[in-house]
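Coordinates from entry.txt are shown below (compact mmCIF, C-alpha atoms).
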```txt
# COMPACT_ATOMS: atom_id res chain seq x y z
CA VAL A 1 -6.05 36.00 -45.16
CA ILE A 2 -7.10 38.67 -47.65
CA ASP A 3 -4.36 39.33 -50.19
CA GLU A 4 -4.56 41.62 -53.21
CA PRO A 5 -5.42 38.84 -55.69
CA LEU A 6 -8.31 37.68 -53.49
CA ARG A 7 -9.54 41.27 -53.20
CA GLU A 8 -9.49 41.55 -57.00
CA ALA A 9 -11.11 38.14 -57.51
CA ALA A 10 -13.90 39.00 -55.04
CA GLU A 11 -14.55 42.26 -56.86
CA ILE A 12 -14.90 40.43 -60.18
CA ALA A 13 -16.49 37.12 -59.12
CA GLY A 14 -18.51 38.40 -56.15
CA ASP A 15 -21.66 38.85 -58.15
CA ARG A 16 -24.57 36.45 -58.39
CA TRP A 17 -25.44 37.12 -62.05
CA MET A 18 -21.83 37.01 -63.15
CA LEU A 19 -21.41 33.54 -61.64
CA LEU A 20 -24.60 32.33 -63.33
CA ALA A 21 -23.54 33.83 -66.68
CA LEU A 22 -20.25 31.92 -66.41
CA GLY A 23 -22.27 28.77 -65.76
CA ALA A 24 -24.48 29.40 -68.79
CA LEU A 25 -21.48 30.00 -71.09
CA ILE A 26 -19.43 27.03 -69.89
CA ASP A 27 -20.87 24.71 -72.55
CA GLY A 28 -20.27 27.10 -75.46
CA PRO A 29 -21.35 30.39 -77.07
CA ARG A 30 -24.78 31.83 -76.22
CA ARG A 31 -26.79 34.66 -77.74
CA PHE A 32 -28.15 37.47 -75.59
CA GLY A 33 -31.68 36.05 -75.68
CA ASP A 34 -30.37 32.57 -74.71
CA LEU A 35 -28.66 34.08 -71.69
CA VAL A 36 -31.82 35.93 -70.61
CA ASP A 37 -33.59 32.54 -70.64
CA ASP A 38 -30.72 30.65 -68.95
CA LEU A 39 -30.55 33.21 -66.14
CA GLY A 40 -34.35 33.18 -65.64
CA GLY A 41 -35.26 36.27 -63.67
CA ILE A 42 -32.52 38.63 -64.82
CA ALA A 43 -33.60 42.06 -66.13
CA PRO A 44 -32.13 42.65 -69.63
CA ASN A 45 -30.43 45.90 -68.56
CA VAL A 46 -28.74 44.07 -65.66
CA LEU A 47 -27.52 41.36 -68.05
CA ILE A 48 -26.15 44.02 -70.42
CA ASP A 49 -24.28 45.60 -67.51
CA ARG A 50 -22.81 42.26 -66.38
CA LEU A 51 -21.76 41.25 -69.91
CA ARG A 52 -20.02 44.63 -70.36
CA ARG A 53 -18.19 44.15 -67.07
CA MET A 54 -17.22 40.60 -68.07
CA GLU A 55 -15.88 41.89 -71.40
CA ARG A 56 -13.97 44.66 -69.65
CA HIS A 57 -12.41 42.09 -67.30
CA GLY A 58 -11.53 39.86 -70.24
CA LEU A 59 -13.83 36.98 -69.23
CA VAL A 60 -16.09 37.13 -72.27
CA GLY A 61 -15.79 38.03 -75.95
CA SER A 62 -18.67 39.06 -78.20
CA THR A 63 -19.24 38.62 -81.94
CA LEU A 64 -21.82 40.45 -84.04
CA TYR A 65 -24.07 37.93 -85.80
CA SER A 66 -26.83 40.21 -87.06
CA GLN A 67 -26.51 43.80 -88.37
CA ARG A 68 -30.14 44.76 -88.08
CA PRO A 69 -31.18 44.40 -85.47
CA ARG A 70 -27.63 44.44 -84.04
CA ARG A 71 -27.23 41.19 -82.12
CA PHE A 72 -24.23 39.57 -80.47
CA VAL A 73 -23.18 36.09 -79.49
CA TYR A 74 -21.08 35.76 -76.33
CA ASP A 75 -18.30 33.29 -75.55
CA LEU A 76 -15.89 32.69 -72.67
CA THR A 77 -12.25 33.64 -73.08
CA ASP A 78 -9.52 31.41 -71.61
CA ALA A 79 -9.53 33.57 -68.46
CA GLY A 80 -13.31 33.20 -68.22
CA ARG A 81 -13.05 29.44 -68.64
CA GLU A 82 -10.42 29.26 -65.89
CA LEU A 83 -12.64 31.25 -63.52
CA ALA A 84 -15.60 29.02 -64.40
CA ALA A 85 -13.55 26.08 -63.11
CA ILE A 86 -14.66 27.03 -59.56
CA LEU A 87 -18.34 26.50 -60.40
CA PRO A 88 -18.46 22.70 -59.91
CA ALA A 89 -16.99 23.21 -56.41
CA LEU A 90 -19.65 25.86 -55.66
CA SER A 91 -22.38 23.61 -56.99
CA ALA A 92 -21.13 20.61 -55.00
CA TRP A 93 -21.05 22.73 -51.83
CA ALA A 94 -24.65 23.83 -52.30
CA ALA A 95 -25.78 20.29 -53.24
CA LYS A 96 -24.37 18.99 -49.95
CA ARG A 97 -26.25 21.72 -48.00
CA ARG A 98 -29.45 20.73 -49.74
CA GLY A 99 -28.91 17.12 -48.73
CA GLU A 100 -28.47 16.23 -52.39
CA GLU A 101 -25.99 13.83 -53.78
CA PRO A 102 -22.51 15.25 -54.37
CA PRO A 103 -20.53 14.34 -57.52
CA ARG A 104 -19.13 10.84 -57.05
CA HIS A 105 -16.34 8.77 -58.52
CA THR A 106 -17.98 6.45 -61.08
CA THR A 107 -15.61 3.60 -60.32
CA CYS A 108 -16.18 3.38 -56.56
CA GLY A 109 -19.03 5.77 -55.71
CA THR A 110 -17.04 7.88 -53.23
CA PRO A 111 -17.98 11.60 -53.07
CA LEU A 112 -15.22 13.62 -54.74
CA GLU A 113 -13.21 16.28 -52.97
CA VAL A 114 -11.35 19.30 -54.34
CA ARG A 115 -7.56 19.23 -53.96
CA ALA A 116 -4.48 21.08 -55.12
CA TRP A 117 -2.59 18.91 -57.61
CA CYS A 118 1.02 18.98 -58.78
CA PRO A 119 1.07 17.79 -62.42
CA THR A 120 4.86 17.25 -62.34
CA CYS A 121 5.00 15.04 -59.24
CA ALA A 122 1.51 13.62 -59.97
CA THR A 123 0.59 14.06 -56.32
CA ILE A 124 -1.95 16.01 -54.32
CA VAL A 125 -0.62 18.66 -51.96
CA GLY A 126 -1.95 21.13 -49.41
CA THR A 127 -4.25 18.86 -47.44
CA SER A 128 -4.32 19.70 -43.75
CA ALA A 129 -1.63 17.04 -43.21
CA ASN A 130 0.93 18.57 -45.55
CA VAL A 131 -0.23 22.15 -46.03
CA ASP A 132 3.35 23.41 -45.66
CA GLU A 133 4.16 21.58 -48.86
CA VAL A 134 2.49 24.43 -50.77
CA ARG A 135 4.53 27.55 -51.31
CA TRP A 136 2.24 30.59 -51.70
CA VAL A 137 4.70 32.98 -53.36
CA VAL B 1 -25.14 24.49 -67.13
CA ILE B 2 -27.11 26.21 -64.37
CA ASP B 3 -28.59 23.72 -61.91
CA GLU B 4 -30.47 24.50 -58.71
CA PRO B 5 -27.44 24.04 -56.43
CA LEU B 6 -25.40 26.47 -58.57
CA ARG B 7 -28.25 28.97 -58.47
CA GLU B 8 -28.32 28.71 -54.68
CA ALA B 9 -24.53 28.90 -54.36
CA ALA B 10 -24.41 31.99 -56.60
CA GLU B 11 -27.06 33.67 -54.48
CA ILE B 12 -25.05 33.04 -51.31
CA ALA B 13 -21.45 33.37 -52.54
CA GLY B 14 -22.05 35.95 -55.29
CA ASP B 15 -21.17 38.88 -53.08
CA ARG B 16 -17.85 40.65 -52.86
CA TRP B 17 -17.93 41.40 -49.11
CA MET B 18 -19.14 37.92 -48.24
CA LEU B 19 -16.17 36.36 -50.06
CA LEU B 20 -13.77 38.72 -48.30
CA ALA B 21 -15.35 38.03 -44.89
CA LEU B 22 -14.85 34.29 -45.53
CA GLY B 23 -11.20 35.05 -46.33
CA ALA B 24 -10.79 37.06 -43.12
CA LEU B 25 -12.34 34.32 -40.95
CA ILE B 26 -10.42 31.43 -42.51
CA ASP B 27 -7.57 31.68 -39.97
CA GLY B 28 -9.84 31.78 -36.91
CA PRO B 29 -12.40 33.87 -34.98
CA ARG B 30 -12.49 37.65 -35.50
CA ARG B 31 -14.27 40.42 -33.64
CA PHE B 32 -16.48 42.89 -35.47
CA GLY B 33 -13.83 45.63 -35.30
CA ASP B 34 -11.16 43.22 -36.62
CA LEU B 35 -13.38 42.43 -39.61
CA VAL B 36 -13.97 46.13 -40.35
CA ASP B 37 -10.16 46.53 -40.50
CA ASP B 38 -9.60 43.31 -42.50
CA LEU B 39 -12.18 44.32 -45.09
CA GLY B 40 -10.75 47.88 -45.36
CA GLY B 41 -13.36 50.03 -47.02
CA ILE B 42 -16.52 48.28 -45.84
CA ALA B 43 -19.22 50.42 -44.19
CA PRO B 44 -20.11 48.98 -40.75
CA ASN B 45 -23.82 48.71 -41.63
CA VAL B 46 -22.91 46.72 -44.76
CA LEU B 47 -20.74 44.38 -42.69
CA ILE B 48 -23.58 43.92 -40.17
CA ASP B 49 -25.90 43.01 -43.05
CA ARG B 50 -23.43 40.51 -44.52
CA LEU B 51 -22.69 38.86 -41.16
CA ARG B 52 -26.44 38.47 -40.53
CA ARG B 53 -26.86 36.89 -43.96
CA MET B 54 -23.91 34.58 -43.30
CA GLU B 55 -25.40 33.54 -39.94
CA ARG B 56 -28.79 32.95 -41.56
CA HIS B 57 -27.15 30.74 -44.21
CA GLY B 58 -25.24 28.84 -41.51
CA LEU B 59 -21.78 29.99 -42.64
CA VAL B 60 -20.88 31.89 -39.47
CA GLY B 61 -21.61 31.65 -35.76
CA SER B 62 -21.35 34.52 -33.28
CA THR B 63 -20.52 34.57 -29.55
CA LEU B 64 -21.12 37.46 -27.17
CA TYR B 65 -17.84 38.45 -25.48
CA SER B 66 -18.86 41.77 -23.89
CA GLN B 67 -22.21 42.70 -22.32
CA ARG B 68 -21.78 46.45 -22.35
CA PRO B 69 -21.17 47.48 -24.90
CA ARG B 70 -22.62 44.33 -26.49
CA ARG B 71 -19.89 42.90 -28.71
CA PHE B 72 -19.61 39.66 -30.66
CA VAL B 73 -16.85 37.48 -31.99
CA TYR B 74 -17.52 35.65 -35.28
CA ASP B 75 -16.30 32.25 -36.41
CA LEU B 76 -16.83 30.03 -39.46
CA THR B 77 -19.07 26.97 -39.18
CA ASP B 78 -18.12 23.76 -40.99
CA ALA B 79 -20.28 24.84 -43.94
CA GLY B 80 -18.52 28.21 -43.99
CA ARG B 81 -15.13 26.53 -43.91
CA GLU B 82 -16.12 24.27 -46.81
CA LEU B 83 -17.26 27.24 -48.88
CA ALA B 84 -14.03 29.08 -48.02
CA ALA B 85 -12.15 26.21 -49.69
CA ILE B 86 -12.82 27.88 -53.06
CA LEU B 87 -10.89 31.02 -52.06
CA PRO B 88 -7.36 29.75 -52.85
CA ALA B 89 -8.58 28.88 -56.36
CA LEU B 90 -10.08 32.40 -56.76
CA SER B 91 -6.89 33.97 -55.46
CA ALA B 92 -4.69 31.87 -57.76
CA TRP B 93 -6.86 32.83 -60.75
CA ALA B 94 -6.49 36.55 -60.00
CA ALA B 95 -2.74 36.20 -59.28
CA LYS B 96 -2.25 34.69 -62.74
CA ARG B 97 -4.17 37.59 -64.36
CA ARG B 98 -1.97 40.06 -62.54
CA GLY B 99 1.12 38.29 -63.87
CA GLU B 100 1.97 37.23 -60.32
CA GLU B 101 3.33 33.91 -59.25
CA PRO B 102 0.74 31.20 -58.69
CA PRO B 103 1.00 28.87 -55.68
CA ARG B 104 3.69 26.29 -56.39
CA HIS B 105 4.62 22.85 -55.14
CA THR B 106 7.48 23.40 -52.67
CA THR B 107 9.22 20.18 -53.65
CA CYS B 108 9.50 20.82 -57.39
CA GLY B 109 8.31 24.40 -58.01
CA THR B 110 5.50 23.44 -60.43
CA PRO B 111 2.40 25.71 -60.36
CA LEU B 112 -0.42 23.81 -58.67
CA GLU B 113 -3.72 23.00 -60.35
CA VAL B 114 -7.16 22.32 -58.88
CA ARG B 115 -8.52 18.80 -59.40
CA ALA B 116 -11.34 16.56 -58.25
CA TRP B 117 -9.93 13.87 -55.95
CA CYS B 118 -11.28 10.46 -54.93
CA PRO B 119 -10.10 9.78 -51.36
CA THR B 120 -10.98 6.08 -51.62
CA CYS B 121 -9.09 5.31 -54.82
CA ALA B 122 -6.46 7.98 -54.01
CA THR B 123 -6.65 9.20 -57.60
CA ILE B 124 -7.58 12.40 -59.40
CA VAL B 125 -10.61 12.25 -61.68
CA GLY B 126 -12.48 14.52 -64.03
CA THR B 127 -9.58 15.93 -66.04
CA SER B 128 -10.47 16.56 -69.66
CA ALA B 129 -9.02 13.13 -70.48
CA ASN B 130 -11.33 11.17 -68.17
CA VAL B 131 -14.18 13.55 -67.45
CA ASP B 132 -16.70 10.74 -67.90
CA GLU B 133 -15.22 9.12 -64.82
CA VAL B 134 -17.17 11.63 -62.74
CA ARG B 135 -20.81 10.87 -62.11
CA TRP B 136 -22.77 14.09 -61.48
CA VAL B 137 -25.83 12.58 -59.82
```
Structure re-expressed in C-alpha cells:
Amino acid sequence: VIDEPLREAAEIAGDRWMLLALGALIDGPRRFGDLVDDLGGIAPNVLIDRLRRMERHGLVGSTLYSQRPRRFVYDLTDAGRELAAILPALSAWAAKRRGEEPPRHTTCGTPLEVRAWCPTCATIVGTSANVDEVRWV
Amino acid sequence: VIDEPLREAAEIAGDRWMLLALGALIDGPRRFGDLVDDLGGIAPNVLIDRLRRMERHGLVGSTLYSQRPRRFVYDLTDAGRELAAILPALSAWAAKRRGEEPPRHTTCGTPLEVRAWCPTCATIVGTSANVDEVRWV
C-alpha cells in the first residue's frame, strides 16, 4: 500500500547520500569536511545540496563555527534522529544478504528481529500472527 | 557509523521509486500497468529501469503472463519482503511529521514504537537503557 506518508517519506529518505549522511551524523555533530570523508566518494557540491535539503526538511541543523572561512558544523534534529532509527534495520538486511553476521542478542546469541512494540502493554504486536492487533489510523 | 552493509543498503534502497515499488508490491503480485498506476507520476522507462535493478538485486521476480504483447507480472522475493519491512517505520515517521496519527495498539491505543526483538528470549533489546545487550558482530 502506498499512502501519503509513505510517498512523503520516500521522497525525503529515498536518496543514497541522504541515508549515508544520517548514518554519519548518528554519533554526533560533524563538520563539512568530516562528512566528505565519512561519505567517501561524494562530490562536495552534491553534499552541499543534500545538507540543504536535510535542513529544509528539518532533519539537520547547522551552526557556524568559523567566520573566515565560513564553516559549519552539522547535527541531527530530533526528527533526523527518529528517521535514522531505520538505519540499523537497513544495515542488518544488507549484512544478511552478504552472508555476514546479523546483530545478535548478547545473552543468547539469537539474531535479532525488528518488531512493533507497545510500551504501555509491554508487548510486541503486528507479527503475521496478530497483525490485526495494529490499528493503522 | 557507516559500515559496508549500510553503504550497500543505501545504494539499493536509497531511491524514491524503488521504495514506492516495494510498497506497491507488499500486498502481492502486480502487473507493469498496475505499478504505473500505483506509483502515479512515474515515467514508464524509469519504472522499467527500477524493476530491472530490483530484479538484479534479487528483490523482485517477474513472470511472463502474455506472449503478445509480451507482458510481465512482478512479485517480491523473500529478500524484497524483508527490505519492505522498513516501510511501516518510514510511513509512521512521516505521519508524525505531518501531525497525523501514528499506528496504535488496538487494545490500548498507545502509539507503537519500533524495537529490536529476540525471538528466543521473547524480550526486546537495544533500547537506550540496555543498548549494550545487543552485539553488533
Inset, instruction - Would you mind listing what lies within 9 Å of Thr77 of chain A as a VMD selection string, with only C-alpha atoms counted and same-chain residues fewer than 6 positions away left out? - result: chain A and resid 58 to 61
Just need the residues of chain A within 7 Å of chain B, counting all atoms listed in the file, so spit them out as a PDB file with C-alpha atoms, keeping the file's coordinate frame.
```pdb
ATOM      1  CA  VAL A   1      -6.050  36.000 -45.160  1.00  0.00           C
ATOM      2  CA  ILE A   2      -7.100  38.670 -47.650  1.00  0.00           C
ATOM      3  CA  PRO A   5      -5.420  38.840 -55.690  1.00  0.00           C
ATOM      4  CA  LEU A   6      -8.310  37.680 -53.490  1.00  0.00           C
ATOM      5  CA  ARG A   7      -9.540  41.270 -53.200  1.00  0.00           C
ATOM      6  CA  GLU A   8      -9.490  41.550 -57.000  1.00  0.00           C
ATOM      7  CA  ALA A   9     -11.110  38.140 -57.510  1.00  0.00           C
ATOM      8  CA  ALA A  10     -13.900  39.000 -55.040  1.00  0.00           C
ATOM      9  CA  GLU A  11     -14.550  42.260 -56.860  1.00  0.00           C
ATOM     10  CA  ALA A  13     -16.490  37.120 -59.120  1.00  0.00           C
ATOM     11  CA  GLY A  14     -18.510  38.400 -56.150  1.00  0.00           C
ATOM     12  CA  ASP A  15     -21.660  38.850 -58.150  1.00  0.00           C
ATOM     13  CA  ARG A  16     -24.570  36.450 -58.390  1.00  0.00           C
ATOM     14  CA  LEU A  19     -21.410  33.540 -61.640  1.00  0.00           C
ATOM     15  CA  LEU A  20     -24.600  32.330 -63.330  1.00  0.00           C
ATOM     16  CA  GLY A  23     -22.270  28.770 -65.760  1.00  0.00           C
ATOM     17  CA  ALA A  24     -24.480  29.400 -68.790  1.00  0.00           C
ATOM     18  CA  ILE A  26     -19.430  27.030 -69.890  1.00  0.00           C
ATOM     19  CA  ASP A  27     -20.870  24.710 -72.550  1.00  0.00           C
ATOM     20  CA  LEU A  83     -12.640  31.250 -63.520  1.00  0.00           C
ATOM     21  CA  ILE A  86     -14.660  27.030 -59.560  1.00  0.00           C
ATOM     22  CA  LEU A  90     -19.650  25.860 -55.660  1.00  0.00           C
ATOM     23  CA  SER A  91     -22.380  23.610 -56.990  1.00  0.00           C
ATOM     24  CA  TRP A  93     -21.050  22.730 -51.830  1.00  0.00           C
ATOM     25  CA  ALA A  94     -24.650  23.830 -52.300  1.00  0.00           C
ATOM     26  CA  ALA A  95     -25.780  20.290 -53.240  1.00  0.00           C
ATOM     27  CA  GLU A 101     -25.990  13.830 -53.780  1.00  0.00           C
ATOM     28  CA  PRO A 102     -22.510  15.250 -54.370  1.00  0.00           C
ATOM     29  CA  PRO A 103     -20.530  14.340 -57.520  1.00  0.00           C
ATOM     30  CA  ARG A 104     -19.130  10.840 -57.050  1.00  0.00           C
ATOM     31  CA  HIS A 105     -16.340   8.770 -58.520  1.00  0.00           C
ATOM     32  CA  THR A 106     -17.980   6.450 -61.080  1.00  0.00           C
ATOM     33  CA  THR A 110     -17.040   7.880 -53.230  1.00  0.00           C
ATOM     34  CA  LEU A 112     -15.220  13.620 -54.740  1.00  0.00           C
ATOM     35  CA  GLU A 113     -13.210  16.280 -52.970  1.00  0.00           C
ATOM     36  CA  VAL A 114     -11.350  19.300 -54.340  1.00  0.00           C
ATOM     37  CA  ARG A 115      -7.560  19.230 -53.960  1.00  0.00           C
ATOM     38  CA  ALA A 116      -4.480  21.080 -55.120  1.00  0.00           C
ATOM     39  CA  TRP A 117      -2.590  18.910 -57.610  1.00  0.00           C
ATOM     40  CA  CYS A 118       1.020  18.980 -58.780  1.00  0.00           C
ATOM     41  CA  THR A 120       4.860  17.250 -62.340  1.00  0.00           C
ATOM     42  CA  GLU A 133       4.160  21.580 -48.860  1.00  0.00           C
ATOM     43  CA  VAL A 134       2.490  24.430 -50.770  1.00  0.00           C
ATOM     44  CA  ARG A 135       4.530  27.550 -51.310  1.00  0.00           C
ATOM     45  CA  TRP A 136       2.240  30.590 -51.700  1.00  0.00           C
ATOM     46  CA  VAL A 137       4.700  32.980 -53.360  1.00  0.00           C
TER      47      VAL A 137
END
```
Could you fit chain A onto chain B by least squares over every C-alpha atom, paired in order, and give me the moved chain as a compact mmCIF listing (two decimals) with C-alpha atoms, keeping the file's coordinate frame?
```
# COMPACT_ATOMS: atom_id res chain seq x y z
CA VAL A 1 -25.04 24.28 -67.01
CA ILE A 2 -26.99 26.05 -64.28
CA ASP A 3 -28.49 23.56 -61.83
CA GLU A 4 -30.38 24.36 -58.64
CA PRO A 5 -27.35 23.94 -56.34
CA LEU A 6 -25.31 26.36 -58.48
CA ARG A 7 -28.19 28.85 -58.43
CA GLU A 8 -28.27 28.62 -54.62
CA ALA A 9 -24.48 28.82 -54.30
CA ALA A 10 -24.36 31.91 -56.55
CA GLU A 11 -27.04 33.58 -54.45
CA ILE A 12 -25.04 32.97 -51.27
CA ALA A 13 -21.44 33.30 -52.50
CA GLY A 14 -22.02 35.87 -55.25
CA ASP A 15 -21.16 38.80 -53.07
CA ARG A 16 -17.83 40.59 -52.87
CA TRP A 17 -17.94 41.37 -49.13
CA MET A 18 -19.13 37.90 -48.22
CA LEU A 19 -16.15 36.34 -50.02
CA LEU A 20 -13.75 38.72 -48.26
CA ALA A 21 -15.36 38.04 -44.87
CA LEU A 22 -14.83 34.31 -45.45
CA GLY A 23 -11.19 35.06 -46.24
CA ALA A 24 -10.79 37.11 -43.06
CA LEU A 25 -12.35 34.38 -40.87
CA ILE A 26 -10.43 31.48 -42.40
CA ASP A 27 -7.60 31.75 -39.86
CA GLY A 28 -9.89 31.86 -36.81
CA PRO A 29 -12.44 33.95 -34.90
CA ARG A 30 -12.54 37.73 -35.46
CA ARG A 31 -14.33 40.52 -33.62
CA PHE A 32 -16.53 42.98 -35.48
CA GLY A 33 -13.89 45.72 -35.32
CA ASP A 34 -11.21 43.29 -36.62
CA LEU A 35 -13.41 42.49 -39.60
CA VAL A 36 -14.00 46.19 -40.37
CA ASP A 37 -10.20 46.57 -40.51
CA ASP A 38 -9.61 43.34 -42.49
CA LEU A 39 -12.19 44.34 -45.10
CA GLY A 40 -10.77 47.89 -45.40
CA GLY A 41 -13.39 50.02 -47.08
CA ILE A 42 -16.54 48.27 -45.89
CA ALA A 43 -19.24 50.44 -44.27
CA PRO A 44 -20.16 49.03 -40.81
CA ASN A 45 -23.86 48.74 -41.72
CA VAL A 46 -22.95 46.72 -44.83
CA LEU A 47 -20.77 44.41 -42.72
CA ILE A 48 -23.62 43.94 -40.22
CA ASP A 49 -25.93 43.01 -43.10
CA ARG A 50 -23.45 40.50 -44.55
CA LEU A 51 -22.72 38.89 -41.17
CA ARG A 52 -26.48 38.49 -40.55
CA ARG A 53 -26.89 36.87 -43.95
CA MET A 54 -23.92 34.58 -43.28
CA GLU A 55 -25.44 33.57 -39.93
CA ARG A 56 -28.81 32.96 -41.56
CA HIS A 57 -27.13 30.74 -44.18
CA GLY A 58 -25.24 28.88 -41.47
CA LEU A 59 -21.77 30.02 -42.58
CA VAL A 60 -20.90 31.94 -39.42
CA GLY A 61 -21.66 31.71 -35.71
CA SER A 62 -21.41 34.59 -33.24
CA THR A 63 -20.60 34.67 -29.52
CA LEU A 64 -21.22 37.58 -27.16
CA TYR A 65 -17.95 38.60 -25.49
CA SER A 66 -18.96 41.90 -23.91
CA GLN A 67 -22.34 42.83 -22.35
CA ARG A 68 -21.88 46.57 -22.38
CA PRO A 69 -21.30 47.60 -24.95
CA ARG A 70 -22.74 44.43 -26.56
CA ARG A 71 -19.98 43.01 -28.74
CA PHE A 72 -19.69 39.76 -30.66
CA VAL A 73 -16.91 37.57 -31.96
CA TYR A 74 -17.56 35.74 -35.23
CA ASP A 75 -16.35 32.32 -36.34
CA LEU A 76 -16.85 30.08 -39.38
CA THR A 77 -19.07 27.03 -39.08
CA ASP A 78 -18.10 23.79 -40.85
CA ALA A 79 -20.26 24.83 -43.82
CA GLY A 80 -18.52 28.22 -43.90
CA ARG A 81 -15.11 26.55 -43.78
CA GLU A 82 -16.07 24.26 -46.67
CA LEU A 83 -17.21 27.23 -48.76
CA ALA A 84 -13.99 29.08 -47.91
CA ALA A 85 -12.10 26.19 -49.52
CA ILE A 86 -12.76 27.84 -52.93
CA LEU A 87 -10.84 30.99 -51.95
CA PRO A 88 -7.31 29.73 -52.72
CA ALA A 89 -8.51 28.83 -56.24
CA LEU A 90 -10.01 32.33 -56.65
CA SER A 91 -6.84 33.92 -55.36
CA ALA A 92 -4.63 31.80 -57.64
CA TRP A 93 -6.79 32.75 -60.63
CA ALA A 94 -6.44 36.46 -59.90
CA ALA A 95 -2.69 36.13 -59.18
CA LYS A 96 -2.19 34.59 -62.63
CA ARG A 97 -4.11 37.49 -64.26
CA ARG A 98 -1.91 39.95 -62.44
CA GLY A 99 1.18 38.19 -63.76
CA GLU A 100 2.03 37.18 -60.20
CA GLU A 101 3.40 33.89 -59.13
CA PRO A 102 0.81 31.15 -58.61
CA PRO A 103 1.08 28.74 -55.64
CA ARG A 104 3.77 26.18 -56.45
CA HIS A 105 4.72 22.72 -55.29
CA THR A 106 7.62 23.19 -52.83
CA THR A 107 9.33 20.00 -53.93
CA CYS A 108 9.55 20.73 -57.66
CA GLY A 109 8.36 24.32 -58.18
CA THR A 110 5.53 23.44 -60.59
CA PRO A 111 2.43 25.70 -60.41
CA LEU A 112 -0.38 23.77 -58.73
CA GLU A 113 -3.69 23.02 -60.39
CA VAL A 114 -7.11 22.31 -58.89
CA ARG A 115 -8.48 18.81 -59.47
CA ALA A 116 -11.29 16.55 -58.33
CA TRP A 117 -9.85 13.81 -56.11
CA CYS A 118 -11.21 10.40 -55.12
CA PRO A 119 -9.93 9.64 -51.59
CA THR A 120 -10.85 5.94 -51.91
CA CYS A 121 -9.02 5.23 -55.17
CA ALA A 122 -6.37 7.88 -54.38
CA THR A 123 -6.62 9.17 -57.93
CA ILE A 124 -7.58 12.39 -59.64
CA VAL A 125 -10.66 12.32 -61.85
CA GLY A 126 -12.58 14.66 -64.14
CA THR A 127 -9.72 16.10 -66.16
CA SER A 128 -10.67 16.75 -69.76
CA ALA A 129 -9.24 13.32 -70.64
CA ASN A 130 -11.49 11.34 -68.32
CA VAL A 131 -14.35 13.70 -67.51
CA ASP A 132 -16.87 10.88 -67.96
CA GLU A 133 -15.31 9.21 -64.96
CA VAL A 134 -17.23 11.66 -62.75
CA ARG A 135 -20.85 10.89 -62.08
CA TRP A 136 -22.79 14.10 -61.34
CA VAL A 137 -25.83 12.58 -59.63
```
Inset, instruction - For atom CA of Arg71 of chain A and atom CA of Phe32 of chain A, quote the distance in Å rounded to one decimal. - result: 7.6 Å
Inset, instruction - Go through B:Tyr74, B:Ala84, B:Leu64, B:Pro69 and flag the residue nearest Arg52 of chain B, using only C-alpha atoms for the distances. - result: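 With only C-alpha atoms as the atom set, the closest residue is B:Tyr74.
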Inset, instruction - Kindly give the distance, in Å, that separates atom CA of Met54 of chain B and atom CA of Ala43 of chain A, rounded to a single decimal. - result: 25.9 Å
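The shortest atom-to-atom distance to Asp75 of chain B, with only C-alpha atoms taken into account, belongs to B:Gly28 out of B:Gly28, B:Gly41, B:Gly99, B:Gly33.
Our summary of the geometry notes that atom CA of Leu35 of chain A is positioned 10.1 Å from atom CA of Leu51 of chain A.
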